[in-house]
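Participant: Shown below is the structure under consideration.
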Amino acid sequence: MELEKLRIFLAVAECRSFSLGAKRLYISHSTTSRAVAALEEELGVKLLRRDNRVLGLTAAGEQLREEAEGLLKQAERAAERVRAAGDGSAGTARPCDAEGSRL
């Protein structure tokens, strides 16, 4: 799963609308629709109930909403830590052997 697709899904889930989710993220409605459809295909489940103009989450959609919120927060924390560590000092990476295992 790509983080950007999760961001798009969350916007749609929170707004209960593809159009409003797209506006929130400053992207097109079709981009939003394709991202959610791609997630549904990748996961093999329906994430949204599409009743008239009101969207609801399926049980799988609700689960993904909860998981995606945590993943995106974790990704942001990781980015903040990397930025903070970007002071020019070298890390202590260990080399790998021929099979790719750390030495």
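Simple scheme: letters A, B, ... for chains in structure tokens order, numbers from 1 for residues in each chain, numbers from 1 for ligands in the order shown.
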Find the residues around region 11-15 of chain A up to 12 Å (only C-alpha atoms counted), leave out those fewer than 5 positions away in its own chain, and share them as a PyMOL selection string.
Facilitator: chain A and resi 4-6+20-27+29+31-37+47-50+53-58+61-66+68-69
Participant: Would you return as a PyMOL selection string the members of region 23-90 of chain A that DSSP assigns to strand (DSSP E or B) on this structure's backbone?
Facilitator: chain A and resi 48-51+54-57
Participant: Select from chain A everything DSSP, run on the backbone, classes as helix (DSSP H, G or I), then give the selection as a ChimeraX atom specification.
Facilitator: /A:3-15,18-25,29-43,59-85
Participant: For CA of Ala59 (chain A) and CA of Gln74 (chain A), determine how far apart the two atoms are, in Å to one decimal place.
Facilitator: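 Spanning CA of Ala59 (chain A) to CA of Gln74 (chain A) is a straight-line distance of 23.0 Å.
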